[in-house]
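Just below is one structure, and these are the notes that go with it.
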Amino acid sequence: ELALQTALKLMPNITGKSQTFRIAPNHLNVYFNYANLLSQDPSRYKESEYYYKTALRVLPDMSEAHMNYGNLLTKMGEFETAQSHFQIAIDKNPDYADAYYNLATTYLRRKDTVNCEKYLRHTLILDSNHIPGLANLANLLMESNNLKSRNEAIVLFKRVIEIDPDNVMALFNLGLLFADENLHKQSEEMFLRTVSANPLHKSALFNLG
């Protein structure tokens with residue numbers, strides 16, 4: 001942080017777009033990096049927001065900055081504003097799978113499962129191995145009473161485990177789905193693998209009896 005603060009002191013004060021000619025885009029990374037650092041500390045969210053907004057006034061087309069600012073706004077509970085920044089990131093970079101995923105999560109936080117599913121599916125179109133996208137779409141589908149949706153959830157959790165064999169959440173939820181289908185042997189295997197990956201997983205231990 002001290003190094004970034006020192007670098008910031010060497011930068012001219014940004015008051016608006018008229019300053020663009022004075023600051024090279026790569027120098028603006030100092031502002032974005034400092035904002036990213038501050039965004040890790042809940043007590044400094046407002047400071048982080050200041051640096052994101054200040055830099056975006058000068059370089060409004062930086063998709064990664066809109067993405068990271070959207071992440072901060074999500075942490076702050078400002079989901080609608082976060083969505084607008086994720087959408088800008090997508091507009092600037094239509095192949096930005098993480099931006100689609102983060103947009104999906106804001107809809108989930110707002111209880112809009114229709115749009116959440118829509119953007120999770122688009123995430124997977126762009127990146128079929130996107131583990132959070134696979135896992136969250138599976139979680140969404142497993143809550144359905146629709147057999148087709150629950151079967152798709154099983155396929156998605158299996159794919160997560162193929163990529164990440166010790167993914168505790170996928171192992172456990174797949175065990176639950178197998179249990180619901182009375183596939184007791186497969187269910188037990190998943191719970192055992194859950195405990196192997198996390199020996200303190202209370203729910204898996206409970207289901208193993």
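Each chain in the structure tokens gets a letter, A, B and so on, in the order shown; residues start at 1 in every chain, and ligands are counted from 1 in the order they appear.
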
All helix (DSSP H, G or I) residues (DSSP, backbone) inside region 75-180 of chain A, as a PDB file with C-alpha atoms, in the first residue's frame:
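Output saved as part.pdb:
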ATOM      1  CA  LYS A  75     -20.058  -5.920  -1.609  1.00  0.00           C
ATOM      2  CA  PHE A  79     -26.733  -4.258  -6.757  1.00  0.00           C
ATOM      3  CA  GLU A  80     -28.510  -2.145  -9.348  1.00  0.00           C
ATOM      4  CA  THR A  81     -25.522   0.181  -9.790  1.00  0.00           C
ATOM      5  CA  ALA A  82     -23.201  -2.838  -9.839  1.00  0.00           C
ATOM      6  CA  GLN A  83     -25.257  -4.314 -12.665  1.00  0.00           C
ATOM      7  CA  SER A  84     -24.807  -1.173 -14.731  1.00  0.00           C
ATOM      8  CA  HIS A  85     -21.017  -1.417 -14.410  1.00  0.00           C
ATOM      9  CA  PHE A  86     -20.951  -5.128 -15.214  1.00  0.00           C
ATOM     10  CA  GLN A  87     -23.059  -4.340 -18.271  1.00  0.00           C
ATOM     11  CA  ILE A  88     -20.595  -1.642 -19.350  1.00  0.00           C
ATOM     12  CA  ALA A  89     -17.757  -4.161 -18.948  1.00  0.00           C
ATOM     13  CA  ILE A  90     -19.687  -6.568 -21.179  1.00  0.00           C
ATOM     14  CA  ASP A  91     -20.429  -3.845 -23.741  1.00  0.00           C
ATOM     15  CA  LYS A  92     -16.722  -3.046 -23.917  1.00  0.00           C
ATOM     16  CA  ALA A  97     -17.160 -14.396 -19.020  1.00  0.00           C
ATOM     17  CA  ASP A  98     -16.445 -13.190 -15.476  1.00  0.00           C
ATOM     18  CA  ALA A  99     -18.514 -10.061 -16.070  1.00  0.00           C
ATOM     19  CA  TYR A 100     -21.494 -12.168 -17.134  1.00  0.00           C
ATOM     20  CA  TYR A 101     -21.006 -14.348 -14.075  1.00  0.00           C
ATOM     21  CA  ASN A 102     -20.853 -11.404 -11.692  1.00  0.00           C
ATOM     22  CA  LEU A 103     -23.892  -9.881 -13.352  1.00  0.00           C
ATOM     23  CA  ALA A 104     -25.696 -13.179 -12.736  1.00  0.00           C
ATOM     24  CA  THR A 105     -24.792 -13.129  -9.036  1.00  0.00           C
ATOM     25  CA  THR A 106     -26.285  -9.662  -8.586  1.00  0.00           C
ATOM     26  CA  TYR A 107     -29.572 -10.911 -10.023  1.00  0.00           C
ATOM     27  CA  LEU A 108     -29.445 -13.832  -7.610  1.00  0.00           C
ATOM     28  CA  ARG A 109     -28.936 -11.424  -4.721  1.00  0.00           C
ATOM     29  CA  THR A 113     -33.568 -16.295 -10.688  1.00  0.00           C
ATOM     30  CA  VAL A 114     -34.716 -15.957 -14.303  1.00  0.00           C
ATOM     31  CA  ASN A 115     -32.052 -13.409 -15.209  1.00  0.00           C
ATOM     32  CA  CYS A 116     -29.547 -15.132 -12.950  1.00  0.00           C
ATOM     33  CA  GLU A 117     -29.939 -18.363 -14.922  1.00  0.00           C
ATOM     34  CA  LYS A 118     -29.812 -16.457 -18.211  1.00  0.00           C
ATOM     35  CA  TYR A 119     -26.453 -14.857 -17.453  1.00  0.00           C
ATOM     36  CA  LEU A 120     -24.979 -17.989 -15.861  1.00  0.00           C
ATOM     37  CA  ARG A 121     -25.759 -19.871 -19.056  1.00  0.00           C
ATOM     38  CA  HIS A 122     -24.117 -17.155 -21.117  1.00  0.00           C
ATOM     39  CA  THR A 123     -21.063 -17.380 -18.856  1.00  0.00           C
ATOM     40  CA  LEU A 124     -20.774 -21.063 -19.737  1.00  0.00           C
ATOM     41  CA  ILE A 125     -21.194 -20.369 -23.451  1.00  0.00           C
ATOM     42  CA  LEU A 126     -18.109 -18.190 -23.217  1.00  0.00           C
ATOM     43  CA  ILE A 131     -16.235 -23.434 -12.153  1.00  0.00           C
ATOM     44  CA  PRO A 132     -18.244 -20.753 -10.280  1.00  0.00           C
ATOM     45  CA  GLY A 133     -20.624 -20.543 -13.238  1.00  0.00           C
ATOM     46  CA  LEU A 134     -21.071 -24.308 -13.385  1.00  0.00           C
ATOM     47  CA  ALA A 135     -21.514 -24.598  -9.613  1.00  0.00           C
ATOM     48  CA  ASN A 136     -23.949 -21.724  -9.218  1.00  0.00           C
ATOM     49  CA  LEU A 137     -26.092 -22.807 -12.149  1.00  0.00           C
ATOM     50  CA  ALA A 138     -26.184 -26.305 -10.624  1.00  0.00           C
ATOM     51  CA  ASN A 139     -27.154 -24.841  -7.237  1.00  0.00           C
ATOM     52  CA  LEU A 140     -29.943 -22.876  -8.881  1.00  0.00           C
ATOM     53  CA  LEU A 141     -31.264 -25.888 -10.769  1.00  0.00           C
ATOM     54  CA  MET A 142     -31.136 -28.272  -7.812  1.00  0.00           C
ATOM     55  CA  LEU A 147     -36.756 -33.453 -12.743  1.00  0.00           C
ATOM     56  CA  LYS A 148     -35.063 -32.234 -15.919  1.00  0.00           C
ATOM     57  CA  SER A 149     -33.512 -29.294 -14.065  1.00  0.00           C
ATOM     58  CA  ARG A 150     -32.302 -31.497 -11.216  1.00  0.00           C
ATOM     59  CA  ASN A 151     -30.771 -33.965 -13.676  1.00  0.00           C
ATOM     60  CA  GLU A 152     -28.962 -31.088 -15.353  1.00  0.00           C
ATOM     61  CA  ALA A 153     -27.689 -30.038 -11.919  1.00  0.00           C
ATOM     62  CA  ILE A 154     -26.188 -33.514 -11.499  1.00  0.00           C
ATOM     63  CA  VAL A 155     -24.401 -33.181 -14.841  1.00  0.00           C
ATOM     64  CA  LEU A 156     -23.073 -29.749 -13.902  1.00  0.00           C
ATOM     65  CA  PHE A 157     -21.812 -30.840 -10.473  1.00  0.00           C
ATOM     66  CA  LYS A 158     -20.086 -33.824 -12.095  1.00  0.00           C
ATOM     67  CA  ARG A 159     -18.378 -31.419 -14.489  1.00  0.00           C
ATOM     68  CA  VAL A 160     -17.193 -29.271 -11.569  1.00  0.00           C
ATOM     69  CA  ILE A 161     -15.720 -32.371  -9.928  1.00  0.00           C
ATOM     70  CA  GLU A 162     -13.984 -33.369 -13.157  1.00  0.00           C
ATOM     71  CA  ILE A 163     -12.227 -30.008 -13.160  1.00  0.00           C
ATOM     72  CA  VAL A 168     -16.449 -29.690  -1.371  1.00  0.00           C
ATOM     73  CA  MET A 169     -19.617 -27.882  -2.346  1.00  0.00           C
ATOM     74  CA  ALA A 170     -20.056 -29.874  -5.566  1.00  0.00           C
ATOM     75  CA  LEU A 171     -19.282 -33.192  -3.865  1.00  0.00           C
ATOM     76  CA  PHE A 172     -21.751 -32.586  -1.046  1.00  0.00           C
ATOM     77  CA  ASN A 173     -24.578 -31.242  -3.203  1.00  0.00           C
ATOM     78  CA  LEU A 174     -24.160 -34.102  -5.650  1.00  0.00           C
ATOM     79  CA  GLY A 175     -24.488 -36.440  -2.668  1.00  0.00           C
ATOM     80  CA  LEU A 176     -27.750 -34.738  -1.726  1.00  0.00           C
ATOM     81  CA  LEU A 177     -29.101 -35.072  -5.247  1.00  0.00           C
ATOM     82  CA  PHE A 178     -28.192 -38.746  -5.368  1.00  0.00           C
ATOM     83  CA  ALA A 179     -29.868 -39.252  -1.975  1.00  0.00           C
ATOM     84  CA  ASP A 180     -33.045 -37.618  -3.274  1.00  0.00           C
TER      85      ASP A 180
END

As number ranges by chain, please: the residues near Val195 (chain A) (cut-off 12 Å, only C-alpha atoms, same-chain neighbours under 6 positions excluded).
A: 166-169, 171-172, 175, 188-189, 201-208

Using N, CA and C atoms, can you write the selected residues to a file as a PDB file, in the first residue's frame?
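Written output follows (again_16.pdb):
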ATOM      1  N   ASP A 166     -11.694 -32.026  -5.640  1.00  0.00           N
ATOM      2  CA  ASP A 166     -11.913 -31.807  -4.207  1.00  0.00           C
ATOM      3  C   ASP A 166     -12.841 -30.634  -3.918  1.00  0.00           C
ATOM      4  N   ASN A 167     -13.684 -30.303  -4.876  1.00  0.00           N
ATOM      5  CA  ASN A 167     -14.624 -29.209  -4.673  1.00  0.00           C
ATOM      6  C   ASN A 167     -15.704 -29.654  -3.696  1.00  0.00           C
ATOM      7  N   VAL A 168     -15.594 -29.204  -2.456  1.00  0.00           N
ATOM      8  CA  VAL A 168     -16.449 -29.690  -1.371  1.00  0.00           C
ATOM      9  C   VAL A 168     -17.920 -29.423  -1.650  1.00  0.00           C
ATOM     10  N   MET A 169     -18.225 -28.230  -2.108  1.00  0.00           N
ATOM     11  CA  MET A 169     -19.617 -27.882  -2.346  1.00  0.00           C
ATOM     12  C   MET A 169     -20.243 -28.790  -3.399  1.00  0.00           C
ATOM     13  N   LEU A 171     -19.217 -31.823  -4.367  1.00  0.00           N
ATOM     14  CA  LEU A 171     -19.282 -33.192  -3.865  1.00  0.00           C
ATOM     15  C   LEU A 171     -20.487 -33.387  -2.943  1.00  0.00           C
ATOM     16  N   PHE A 172     -20.663 -32.450  -2.015  1.00  0.00           N
ATOM     17  CA  PHE A 172     -21.751 -32.586  -1.046  1.00  0.00           C
ATOM     18  C   PHE A 172     -23.119 -32.456  -1.713  1.00  0.00           C
ATOM     19  N   GLY A 175     -24.037 -35.416  -3.597  1.00  0.00           N
ATOM     20  CA  GLY A 175     -24.488 -36.440  -2.668  1.00  0.00           C
ATOM     21  C   GLY A 175     -25.943 -36.258  -2.287  1.00  0.00           C
ATOM     22  N   GLU A 188     -23.501 -42.038  -0.808  1.00  0.00           N
ATOM     23  CA  GLU A 188     -22.498 -42.296   0.234  1.00  0.00           C
ATOM     24  C   GLU A 188     -21.096 -41.996  -0.274  1.00  0.00           C
ATOM     25  N   GLU A 189     -20.829 -42.376  -1.514  1.00  0.00           N
ATOM     26  CA  GLU A 189     -19.505 -42.105  -2.097  1.00  0.00           C
ATOM     27  C   GLU A 189     -19.218 -40.613  -2.109  1.00  0.00           C
ATOM     28  N   HIS A 201     -16.572 -31.377   7.768  1.00  0.00           N
ATOM     29  CA  HIS A 201     -17.842 -31.031   7.131  1.00  0.00           C
ATOM     30  C   HIS A 201     -18.979 -31.719   7.887  1.00  0.00           C
ATOM     31  N   LYS A 202     -19.657 -30.957   8.754  1.00  0.00           N
ATOM     32  CA  LYS A 202     -20.647 -31.531   9.664  1.00  0.00           C
ATOM     33  C   LYS A 202     -21.831 -32.150   8.926  1.00  0.00           C
ATOM     34  N   SER A 203     -22.300 -31.508   7.873  1.00  0.00           N
ATOM     35  CA  SER A 203     -23.482 -32.022   7.172  1.00  0.00           C
ATOM     36  C   SER A 203     -23.178 -33.339   6.486  1.00  0.00           C
ATOM     37  N   ALA A 204     -21.990 -33.466   5.904  1.00  0.00           N
ATOM     38  CA  ALA A 204     -21.614 -34.736   5.281  1.00  0.00           C
ATOM     39  C   ALA A 204     -21.481 -35.832   6.327  1.00  0.00           C
ATOM     40  N   LEU A 205     -20.864 -35.503   7.440  1.00  0.00           N
ATOM     41  CA  LEU A 205     -20.708 -36.480   8.532  1.00  0.00           C
ATOM     42  C   LEU A 205     -22.077 -36.926   9.044  1.00  0.00           C
ATOM     43  N   PHE A 206     -23.006 -35.974   9.160  1.00  0.00           N
ATOM     44  CA  PHE A 206     -24.360 -36.292   9.610  1.00  0.00           C
ATOM     45  C   PHE A 206     -25.044 -37.247   8.639  1.00  0.00           C
ATOM     46  N   ASN A 207     -24.904 -36.964   7.344  1.00  0.00           N
ATOM     47  CA  ASN A 207     -25.549 -37.812   6.352  1.00  0.00           C
ATOM     48  C   ASN A 207     -24.933 -39.199   6.264  1.00  0.00           C
ATOM     49  N   LEU A 208     -23.687 -39.320   6.694  1.00  0.00           N
ATOM     50  CA  LEU A 208     -23.055 -40.641   6.726  1.00  0.00           C
ATOM     51  C   LEU A 208     -23.477 -41.447   7.958  1.00  0.00           C
TER      52      LEU A 208
END

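CA of Lys53 (chain A) is found 9.5 Å from CA of His66 (chain A).
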
Kindly give the distance, in Å, that separates CA of Gly70 (chain A) and CA of Asn129 (chain A), rounded to a single decimal.
22.9 Å

Hey, what's within 12 Å of Arg44 (chain A) if we count only C-alpha atoms and toss same-chain stuff fewer than 5 positions away? As a list in words, please?
Tyr34, Ala35, Asn36, Leu37, Leu38, Ser39, Glu49, Tyr50, Tyr51, Leu72, Lys75 and Met76 of chain A
